[in-house]
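As stored in run33.csv (CSV, C-alpha atoms):
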chain,number,residue,atom,x,y,z
A,87,MET,CA,159.1,193.9,292.2
A,88,LEU,CA,157.6,197.2,293.2
A,89,PRO,CA,156.6,199.5,290.3
A,90,TRP,CA,159.2,202.1,291.2
A,91,LYS,CA,161.9,199.5,291.0
A,92,ARG,CA,160.8,198.5,287.5
A,93,VAL,CA,161.2,202.1,286.5
A,94,LEU,CA,164.5,202.5,288.3
A,95,ARG,CA,166.3,199.7,286.5
A,96,PRO,CA,166.0,201.0,282.9
A,97,LEU,CA,166.6,204.5,284.2
A,98,THR,CA,169.9,203.4,285.7
A,99,ALA,CA,170.9,201.8,282.5
A,100,LEU,CA,170.0,204.9,280.5
A,101,LEU,CA,172.0,207.2,282.8
A,102,PHE,CA,174.9,204.8,282.5
A,103,ALA,CA,174.7,205.0,278.7
A,104,VAL,CA,174.7,208.8,278.8
A,105,ALA,CA,177.8,208.7,281.0
A,106,VAL,CA,179.5,206.5,278.5
A,107,ALA,CA,178.8,208.9,275.7
A,108,THR,CA,179.9,212.0,277.6
A,109,VAL,CA,183.2,211.0,279.3
A,110,PRO,CA,185.8,213.2,277.7
A,111,ALA,CA,188.4,211.3,275.7
A,112,ALA,CA,191.1,213.5,277.2
A,113,THR,CA,190.7,211.6,280.5
A,114,ALA,CA,192.1,208.5,279.0
A,115,HIS,CA,195.8,208.0,279.7
A,116,ALA,CA,196.7,211.5,278.4
A,117,SER,CA,200.3,211.1,279.7
A,118,SER,CA,200.9,208.4,277.1
A,119,ALA,CA,199.7,210.4,274.1
A,120,PRO,CA,202.0,210.2,271.1
A,121,SER,CA,203.5,213.3,269.6
A,122,THR,CA,201.8,212.6,266.3
A,123,GLY,CA,198.4,211.2,265.6
A,124,TRP,CA,195.3,210.6,263.5
A,125,ASN,CA,196.1,210.5,259.7
A,126,ASP,CA,199.5,212.0,260.4
A,127,TYR,CA,201.8,210.3,257.9
A,128,SER,CA,204.9,211.3,259.9
A,129,CYS,CA,203.7,209.2,262.8
A,130,ARG,CA,206.1,206.3,263.5
A,131,PRO,CA,204.8,203.3,265.5
A,132,SER,CA,206.5,202.8,268.8
A,133,ALA,CA,208.1,199.6,270.2
A,134,ALA,CA,205.1,199.3,272.5
A,135,HIS,CA,202.6,199.6,269.6
A,136,PRO,CA,204.6,198.6,266.5
A,137,ARG,CA,201.7,198.5,264.0
A,138,PRO,CA,199.6,201.3,262.7
A,139,VAL,CA,195.9,201.0,263.2
A,140,ILE,CA,193.7,201.6,260.2
A,141,LEU,CA,190.0,202.5,260.9
A,142,VAL,CA,187.5,201.3,258.3
A,143,HIS,CA,184.1,203.2,258.4
A,144,GLY,CA,180.7,201.6,257.9
A,145,THR,CA,178.0,202.1,255.3
A,146,LEU,CA,177.0,205.8,255.0
A,147,GLY,CA,180.0,206.7,257.2
A,148,ASN,CA,183.3,208.4,256.3
A,149,SER,CA,186.8,208.6,257.5
A,150,VAL,CA,186.1,211.4,259.9
A,151,ASP,CA,182.6,211.2,261.3
A,152,ASN,CA,182.7,207.5,262.1
A,153,TRP,CA,185.9,207.9,264.3
A,154,LEU,CA,185.5,211.2,266.2
A,155,SER,CA,185.7,209.2,269.5
A,156,LEU,CA,187.6,206.0,268.7
A,157,ALA,CA,190.5,207.6,266.9
A,158,PRO,CA,191.4,210.0,269.8
A,159,TYR,CA,190.9,207.1,272.2
A,160,LEU,CA,193.6,205.0,270.4
A,161,GLU,CA,195.9,208.0,269.9
A,162,ASP,CA,195.8,208.7,273.6
A,163,ARG,CA,197.1,205.1,274.1
A,164,GLY,CA,200.1,205.6,271.9
A,165,TYR,CA,198.9,204.3,268.5
A,166,CYS,CA,199.5,205.7,265.0
A,167,VAL,CA,195.9,205.9,263.7
A,168,PHE,CA,194.7,206.3,260.2
A,169,SER,CA,191.4,206.2,258.4
A,170,LEU,CA,190.2,206.0,254.8
A,171,ASP,CA,187.2,206.8,252.7
A,172,TYR,CA,185.9,204.1,250.4
A,173,GLY,CA,182.9,203.1,248.4
A,174,GLN,CA,182.1,206.5,247.1
A,175,LEU,CA,179.3,207.0,244.6
A,176,SER,CA,179.5,209.7,241.9
A,177,GLY,CA,177.5,212.7,243.0
A,178,VAL,CA,177.0,211.5,246.6
A,179,PRO,CA,179.2,213.4,249.1
A,180,VAL,CA,179.9,212.6,252.7
A,181,PHE,CA,178.0,209.3,252.8
A,182,TYR,CA,180.3,206.5,251.6
A,183,GLY,CA,180.4,202.7,251.7
A,184,LEU,CA,177.8,202.4,249.0
A,185,GLY,CA,179.8,201.2,246.1
A,186,PRO,CA,180.5,197.5,245.2
A,187,ILE,CA,182.2,196.0,248.2
A,188,ASP,CA,184.8,194.1,246.2
A,189,LYS,CA,185.9,197.4,244.7
A,190,SER,CA,185.9,199.0,248.2
A,191,ALA,CA,188.3,196.2,249.3
A,192,GLU,CA,190.6,197.2,246.5
A,193,GLN,CA,190.6,200.7,247.9
A,194,LEU,CA,191.5,199.3,251.3
A,195,SER,CA,194.3,197.3,249.8
A,196,ALA,CA,195.8,200.4,248.2
A,197,TYR,CA,195.4,202.4,251.5
A,198,VAL,CA,197.1,199.7,253.6
A,199,ASP,CA,200.1,199.8,251.2
A,200,LYS,CA,200.2,203.6,251.6
A,201,VAL,CA,200.2,203.5,255.4
A,202,LEU,CA,202.8,200.7,255.6
A,203,SER,CA,205.0,202.6,253.2
A,204,ALA,CA,204.7,205.8,255.2
A,205,THR,CA,205.2,204.3,258.6
A,206,GLY,CA,207.8,201.6,257.7
A,207,ALA,CA,205.7,199.0,259.5
A,208,ALA,CA,205.6,195.4,258.2
A,209,LYS,CA,201.9,194.9,259.1
A,210,ALA,CA,198.9,196.9,260.1
A,211,ASP,CA,195.9,196.3,262.4
A,212,LEU,CA,192.4,197.0,261.0
A,213,VAL,CA,189.4,198.1,263.1
A,214,GLY,CA,186.1,198.4,261.3
A,215,HIS,CA,182.5,199.3,262.1
A,216,SER,CA,179.6,197.5,260.4
A,217,GLN,CA,180.5,197.0,256.7
A,218,GLY,CA,184.0,198.2,257.7
A,219,GLY,CA,184.4,195.1,259.9
A,220,MET,CA,183.2,192.8,257.2
A,221,MET,CA,184.7,194.2,253.9
A,222,PRO,CA,188.3,193.8,255.0
A,223,ARG,CA,187.7,190.0,255.1
A,224,TYR,CA,187.5,190.2,251.3
A,225,TYR,CA,190.8,192.0,251.2
A,226,LEU,CA,192.4,189.4,253.5
A,227,LYS,CA,191.0,186.4,251.6
A,228,PHE,CA,191.2,187.4,248.0
A,229,LEU,CA,193.6,190.4,247.7
A,230,GLY,CA,196.7,189.3,249.6
A,231,GLY,CA,195.8,191.2,252.7
A,232,ALA,CA,196.6,188.4,255.1
A,233,ALA,CA,200.4,189.0,254.5
A,234,LYS,CA,200.0,192.6,255.6
A,235,VAL,CA,197.5,192.5,258.4
A,236,ASN,CA,198.0,191.2,262.0
A,237,ALA,CA,194.5,191.6,263.3
A,238,LEU,CA,191.0,192.5,262.2
A,239,VAL,CA,188.7,193.9,264.9
A,240,GLY,CA,185.0,194.2,263.9
A,241,LEU,CA,182.5,196.4,265.7
A,242,ALA,CA,179.0,195.1,264.9
A,243,PRO,CA,180.3,193.7,261.5
A,244,ASP,CA,177.6,192.2,259.2
A,245,ASN,CA,179.8,189.2,258.4
A,246,HIS,CA,176.9,187.1,257.2
A,247,GLY,CA,174.6,189.9,256.0
A,248,ALA,CA,172.3,192.6,257.5
A,249,THR,CA,168.6,191.8,257.6
A,250,ILE,CA,167.9,195.2,259.3
A,251,SER,CA,165.6,193.5,261.8
A,252,GLY,CA,164.0,191.4,259.1
A,253,LEU,CA,163.2,194.2,256.6
A,254,THR,CA,165.3,192.6,253.9
A,255,ASN,CA,163.1,189.5,254.1
A,256,LEU,CA,160.3,191.6,252.6
A,257,LEU,CA,162.1,192.4,249.4
A,258,PRO,CA,160.7,189.5,247.4
A,259,TYR,CA,157.2,190.9,248.0
A,260,PHE,CA,158.2,194.1,246.1
A,261,PRO,CA,159.0,193.2,242.5
A,262,GLY,CA,162.0,195.1,241.2
A,263,ALA,CA,163.1,196.4,244.6
A,264,SER,CA,166.2,194.2,244.8
A,265,ASP,CA,167.3,195.1,241.2
A,266,LEU,CA,166.8,198.8,242.0
A,267,ILE,CA,169.0,198.6,245.2
A,268,LYS,CA,171.7,196.7,243.2
A,269,ALA,CA,171.7,199.3,240.4
A,270,THR,CA,171.7,202.4,242.6
A,271,THR,CA,173.6,201.3,245.8
A,272,PRO,CA,175.5,198.1,245.0
A,273,GLY,CA,177.2,198.2,248.4
A,274,LEU,CA,173.8,197.8,250.1
A,275,ALA,CA,172.8,195.0,247.8
A,276,ASP,CA,176.1,193.1,248.6
A,277,GLN,CA,175.1,193.1,252.3
A,278,ILE,CA,171.8,191.4,251.9
A,279,PRO,CA,172.0,187.9,253.2
A,280,GLY,CA,172.4,185.4,250.4
A,281,SER,CA,174.0,187.9,248.0
A,282,ALA,CA,176.6,186.7,245.5
A,283,PHE,CA,179.2,188.8,247.3
A,284,LEU,CA,178.5,187.2,250.8
A,285,THR,CA,178.3,183.7,249.3
A,286,LYS,CA,181.7,184.1,247.8
A,287,LEU,CA,183.2,185.8,250.9
A,288,ASN,CA,182.0,183.1,253.3
A,289,ALA,CA,182.5,180.0,251.1
A,290,GLY,CA,185.2,177.7,252.5
A,291,GLY,CA,185.3,179.3,255.9
A,292,ASP,CA,185.1,182.7,257.6
A,293,THR,CA,188.8,183.3,258.3
A,294,VAL,CA,192.3,182.9,256.8
A,295,PRO,CA,195.4,181.7,258.6
A,296,GLY,CA,197.8,184.2,260.1
A,297,VAL,CA,195.2,186.9,261.1
A,298,HIS,CA,193.8,187.4,264.6
A,299,TYR,CA,190.0,188.1,264.4
A,300,THR,CA,187.9,189.8,267.1
A,301,VAL,CA,184.2,190.5,266.8
A,302,ILE,CA,182.5,192.8,269.2
A,303,SER,CA,178.7,192.8,269.1
A,304,THR,CA,175.7,194.1,271.0
A,305,LYS,CA,172.4,192.3,271.5
A,306,TYR,CA,170.6,195.6,270.8
A,307,ASP,CA,171.8,195.7,267.2
A,308,GLU,CA,169.0,196.5,264.8
A,309,VAL,CA,170.9,196.4,261.6
A,310,ALA,CA,173.3,193.4,261.5
A,311,THR,CA,170.6,191.0,262.7
A,312,PRO,CA,170.3,188.6,264.2
A,313,TRP,CA,173.3,189.8,266.2
A,314,GLN,CA,174.7,186.2,266.4
A,315,SER,CA,175.2,186.3,262.6
A,316,GLN,CA,178.1,188.8,263.2
A,317,PHE,CA,180.2,186.1,264.9
A,318,LEU,CA,182.9,184.3,263.0
A,319,THR,CA,184.1,180.7,263.3
A,320,GLY,CA,187.8,179.8,263.0
A,321,SER,CA,190.9,178.8,264.9
A,322,ASP,CA,191.9,182.3,265.8
A,323,VAL,CA,188.6,184.1,266.6
A,324,HIS,CA,187.4,185.9,269.7
A,325,ASN,CA,183.7,186.7,269.6
A,326,VAL,CA,182.5,189.2,272.3
A,327,LEU,CA,179.0,190.2,273.3
A,328,LEU,CA,179.1,193.6,275.1
A,329,GLN,CA,176.3,192.7,277.5
A,330,ASP,CA,178.3,189.7,278.8
A,331,LEU,CA,180.9,192.3,280.0
A,332,CYS,CA,178.4,195.0,281.2
A,333,SER,CA,174.7,194.3,281.3
A,334,LEU,CA,174.0,198.0,281.5
A,335,ASP,CA,175.5,198.7,278.1
A,336,LEU,CA,172.6,199.8,275.8
A,337,SER,CA,174.6,200.5,272.7
A,338,GLU,CA,172.9,199.5,269.4
A,339,HIS,CA,174.5,199.3,265.9
A,340,VAL,CA,175.6,202.9,265.5
A,341,ALA,CA,176.5,203.7,269.1
A,342,ILE,CA,178.9,200.7,269.4
A,343,GLY,CA,181.2,202.3,266.8
A,344,LEU,CA,180.6,206.0,267.6
A,345,PHE,CA,181.1,206.4,271.3
A,346,ASP,CA,180.9,203.2,273.4
A,347,ARG,CA,184.1,203.2,275.5
A,348,ILE,CA,183.3,199.7,276.8
A,349,ALA,CA,183.6,198.5,273.2
A,350,PHE,CA,186.6,200.7,272.7
A,351,HIS,CA,188.3,199.0,275.7
A,352,GLU,CA,187.8,195.6,274.0
A,353,VAL,CA,189.3,197.1,270.8
A,354,ALA,CA,192.4,198.1,272.8
A,355,ASN,CA,192.6,194.6,274.3
A,356,ALA,CA,192.4,193.0,270.8
A,357,LEU,CA,195.1,195.3,269.5
A,358,ASP,CA,197.4,194.5,272.5
A,359,PRO,CA,196.4,191.2,274.0
A,360,ALA,CA,199.6,190.8,275.9
A,361,HIS,CA,198.6,193.8,278.1
A,362,ALA,CA,194.8,193.2,278.0
A,363,THR,CA,192.8,194.1,281.1
A,364,ALA,CA,189.3,192.9,282.1
A,365,THR,CA,186.5,194.9,280.5
A,366,SER,CA,183.6,195.9,282.7
A,367,CYS,CA,181.0,198.7,283.1
A,368,ALA,CA,183.9,200.6,284.8
A,369,SER,CA,185.7,200.6,281.4
A,370,ALA,CA,183.3,203.4,280.4
A,371,PHE,CA,185.3,205.7,282.6
A,372,SER,CA,188.8,204.5,281.9
Turn this file's structure into structure tokens for me.
Amino acid sequence: MLPWKRVLRPLTALLFAVAVATVPAATAHASSAPSTGWNDYSCRPSAAHPRPVILVHGTLGNSVDNWLSLAPYLEDRGYCVFSLDYGQLSGVPVFYGLGPIDKSAEQLSAYVDKVLSATGAAKADLVGHSQGGMMPRYYLKFLGGAAKVNALVGLAPDNHGATISGLTNLLPYFPGASDLIKATTPGLADQIPGSAFLTKLNAGGDTVPGVHYTVISTKYDEVATPWQSQFLTGSDVHNVLLQDLCSLDLSEHVAIGLFDRIAFHEVANALDPAHATATSCASAFS
């Protein structure tokens, strides 16, 4: 291949990624926008979309910043959309998801009950990014959530831990480091592969009956690594690698949840599989 072609290929991919990030959310099916929307407790699910969608942020995220693109994307498609804050540490504002994950799952449980009560729906759908795609599995498995949730969609969920490109493997070489992380940010400690929390969560199988699971991953993930560890096994699981749908998609761990409309298209498919359409690079502009 000529040198200029070697330069052109990554440049094309980069320009495509920029386009994905900058397509206005308002271009997406504006005519189908509901009259009520994000965290509006007067919103009532429609016959077309009978379940509210609850967005679960990732580590260091919050109920607003994590969802500035996906929440409007789903609203424009007629969903009642809600989001919560969880895992707050005393004295630490804005950056959440740092508390013990089993306690965060209890917060999610209470929030799901609140949304179901407000909307009158029998079940909700959950969409989570990173820890937010993994933590709900504790709620489903141990806190009775399976009776109240139809589907769990995880964007880059660290279902079997986050090695952060292998950095956690170095912890044994720094005496006291693991204890310090556990004492100060237990939510981070719980996500280290082999933790007591993950061992309990994954014992006896990844899934529970009655819930539809979708995992959407990117091979460029640098946090929940290796990316294959994000995938689940079970009778009702759909594992998706973005680059199998669009080889030009360069999203990494953060981008997949913040602005990747190709990933968002797969979220929409998971929420309404009866009307799913093929996801491709063109989905960035849909």
Check your understanding: Restricting the calculation to only C-alpha atoms, which member of A:Asn125, A:Thr300, A:Thr293, A:Thr249 is positioned closest to Asp211 of chain A?
Key -> A:Thr300
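Rounded to one decimal, atom CA of Tyr172 of chain A and atom CA of Ala349 of chain A lie 23.6 Å from each other.
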Practice item. Have a look at A:Ala364, A:Ile302, A:Ile342, A:Ala157 and name the one nearest to Val139 of chain A; count all atoms listed in the file. Key: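 Once distances to Val139 of chain A are computed over all atoms listed in the file, the minimum belongs to A:Ala157.
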Check your understanding: With only C-alpha atoms as the basis for distance, which of A:Val294, A:Leu357, A:Val167, A:Leu266 is at the shortest distance from Tyr225 of chain A?
Key ->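 For Tyr225 of chain A, the nearest of the given residues is A:Val294.
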Review point. If you count only C-alpha atoms, which residues fall within 6 Å of Gly247 of chain A, apart from same-chain ones fewer than 4 positions away, as a PyMOL selection string?
Key: chain A and resi 277-279
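Taking atom CA of Ser333 of chain A as the reference point, atom CA of Leu156 of chain A is found at 21.5 Å.
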Review point. What does the distance between atom CA of Leu212 of chain A and atom CA of Ser315 of chain A come to in Å, to one decimal place?
Key: 20.3 Å
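Distance check against Asp335 of chain A using only C-alpha atoms: of A:Ser132, A:Ser303, A:Val309, A:Leu318, the minimum falls on A:Ser303.
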For the contact check between segment 264-323 of chain A and segment 240-243 of chain A, emit one row per residue of segment 264-323 of chain A within 8 Å, containing the shortest atom pair and the distance in Å rounded to one decimal, counting only C-alpha atoms, chain then rising number order, as a Markdown table.
| residue | atom | partner | partner_atom | distance |
| --- | --- | --- | --- | --- |
| A:Tyr299 | CA | A:Gly240 | CA | 7.9 |
| A:Thr300 | CA | A:Gly240 | CA | 6.2 |
| A:Val301 | CA | A:Gly240 | CA | 4.8 |
| A:Ile302 | CA | A:Leu241 | CA | 5.0 |
| A:Ser303 | CA | A:Ala242 | CA | 4.8 |
| A:Thr304 | CA | A:Ala242 | CA | 7.0 |
| A:Asp307 | CA | A:Ala242 | CA | 7.6 |
| A:Ala310 | CA | A:Ala242 | CA | 6.9 |
| A:Trp313 | CA | A:Ala242 | CA | 7.9 |
| A:Gln316 | CA | A:Pro243 | CA | 5.6 |
Exercise for review: Find the residue from A:Gly173, A:Pro295, A:Gly219, A:Pro186 that sits nearest to Phe317 of chain A; use all atoms listed in the file when measuring.
Suggested key: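 The shortest atom-to-atom distance to Phe317 of chain A comes from A:Gly219.
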**Study point:** Residues within 12 Å of segment 360-363 of chain A, all atoms listed in the file, excluding chain neighbours under 3 positions, as JSON, numbers by chain
**Key:** {"A": [134, 135, 348, 351, 352, 353, 354, 355, 356, 357, 366, 368, 369, 372]}
Point to revise | Counting only C-alpha atoms, the option among A:Pro158, A:Pro359, A:Pro179, A:Gly185 closest to Ile267 of chain A | key: A:Gly185
Practice item. Show which residues sit within 12 Å of Lys200 of chain A, as a list in words. Count only C-alpha atoms, and ignore same-chain residues fewer than 2 positions away. Key: Asn125, Tyr127, Pro138, Ile140, Phe168, Ser169, Leu170, Gln193, Leu194, Ser195, Ala196, Tyr197, Val198, Leu202, Ser203, Ala204, Thr205, Gly206, Ala207, Ala208, Lys209, Ala210 and Lys234 of chain A
Quick one: segment 337-351 of chain A with N, CA, C and O atoms, as a PDB file, in the first residue's frame?
ATOM      1  N   SER A 337     -14.727   4.329  18.978  1.00  0.00           N
ATOM      2  CA  SER A 337     -15.097   4.616  20.358  1.00  0.00           C
ATOM      3  C   SER A 337     -14.333   3.735  21.326  1.00  0.00           C
ATOM      4  O   SER A 337     -14.160   2.535  21.111  1.00  0.00           O
ATOM      5  N   GLU A 338     -13.905   4.375  22.440  1.00  0.00           N
ATOM      6  CA  GLU A 338     -13.300   3.612  23.524  1.00  0.00           C
ATOM      7  C   GLU A 338     -14.290   3.578  24.688  1.00  0.00           C
ATOM      8  O   GLU A 338     -15.482   3.749  24.483  1.00  0.00           O
ATOM      9  N   HIS A 339     -13.787   3.354  25.903  1.00  0.00           N
ATOM     10  CA  HIS A 339     -14.668   3.067  27.030  1.00  0.00           C
ATOM     11  C   HIS A 339     -15.620   4.214  27.342  1.00  0.00           C
ATOM     12  O   HIS A 339     -16.799   3.989  27.629  1.00  0.00           O
ATOM     13  N   VAL A 340     -15.135   5.430  27.310  1.00  0.00           N
ATOM     14  CA  VAL A 340     -15.975   6.578  27.663  1.00  0.00           C
ATOM     15  C   VAL A 340     -16.898   6.955  26.503  1.00  0.00           C
ATOM     16  O   VAL A 340     -18.098   7.165  26.686  1.00  0.00           O
ATOM     17  N   ALA A 341     -16.353   7.010  25.305  1.00  0.00           N
ATOM     18  CA  ALA A 341     -17.117   7.485  24.150  1.00  0.00           C
ATOM     19  C   ALA A 341     -18.327   6.622  23.842  1.00  0.00           C
ATOM     20  O   ALA A 341     -19.365   7.130  23.409  1.00  0.00           O
ATOM     21  N   ILE A 342     -18.233   5.327  24.090  1.00  0.00           N
ATOM     22  CA  ILE A 342     -19.341   4.436  23.756  1.00  0.00           C
ATOM     23  C   ILE A 342     -20.600   4.796  24.534  1.00  0.00           C
ATOM     24  O   ILE A 342     -21.720   4.617  24.053  1.00  0.00           O
ATOM     25  N   GLY A 343     -20.422   5.364  25.723  1.00  0.00           N
ATOM     26  CA  GLY A 343     -21.572   5.750  26.519  1.00  0.00           C
ATOM     27  C   GLY A 343     -21.974   7.194  26.359  1.00  0.00           C
ATOM     28  O   GLY A 343     -23.129   7.557  26.596  1.00  0.00           O
ATOM     29  N   LEU A 344     -21.026   8.039  25.948  1.00  0.00           N
ATOM     30  CA  LEU A 344     -21.291   9.474  25.923  1.00  0.00           C
ATOM     31  C   LEU A 344     -21.864   9.981  24.608  1.00  0.00           C
ATOM     32  O   LEU A 344     -22.737  10.851  24.618  1.00  0.00           O
ATOM     33  N   PHE A 345     -21.376   9.457  23.464  1.00  0.00           N
ATOM     34  CA  PHE A 345     -21.870  10.060  22.222  1.00  0.00           C
ATOM     35  C   PHE A 345     -21.895   9.140  21.014  1.00  0.00           C
ATOM     36  O   PHE A 345     -22.167   9.599  19.902  1.00  0.00           O
ATOM     37  N   ASP A 346     -21.674   7.859  21.164  1.00  0.00           N
ATOM     38  CA  ASP A 346     -21.597   6.973  20.009  1.00  0.00           C
ATOM     39  C   ASP A 346     -23.001   6.569  19.552  1.00  0.00           C
ATOM     40  O   ASP A 346     -23.649   5.704  20.133  1.00  0.00           O
ATOM     41  N   ARG A 347     -23.466   7.179  18.468  1.00  0.00           N
ATOM     42  CA  ARG A 347     -24.821   6.924  17.985  1.00  0.00           C
ATOM     43  C   ARG A 347     -24.963   5.542  17.338  1.00  0.00           C
ATOM     44  O   ARG A 347     -26.093   5.034  17.200  1.00  0.00           O
ATOM     45  N   ILE A 348     -23.866   4.936  16.952  1.00  0.00           N
ATOM     46  CA  ILE A 348     -23.935   3.557  16.465  1.00  0.00           C
ATOM     47  C   ILE A 348     -24.283   2.638  17.638  1.00  0.00           C
ATOM     48  O   ILE A 348     -25.157   1.764  17.539  1.00  0.00           O
ATOM     49  N   ALA A 349     -23.617   2.852  18.768  1.00  0.00           N
ATOM     50  CA  ALA A 349     -23.959   2.102  19.977  1.00  0.00           C
ATOM     51  C   ALA A 349     -25.386   2.411  20.411  1.00  0.00           C
ATOM     52  O   ALA A 349     -26.131   1.517  20.834  1.00  0.00           O
ATOM     53  N   PHE A 350     -25.781   3.685  20.305  1.00  0.00           N
ATOM     54  CA  PHE A 350     -27.135   4.063  20.699  1.00  0.00           C
ATOM     55  C   PHE A 350     -28.182   3.341  19.847  1.00  0.00           C
ATOM     56  O   PHE A 350     -29.252   2.968  20.333  1.00  0.00           O
ATOM     57  N   HIS A 351     -27.877   3.164  18.565  1.00  0.00           N
ATOM     58  CA  HIS A 351     -28.804   2.441  17.692  1.00  0.00           C
ATOM     59  C   HIS A 351     -28.987   1.009  18.170  1.00  0.00           C
ATOM     60  O   HIS A 351     -30.112   0.474  18.154  1.00  0.00           O
TER      61      HIS A 351
END
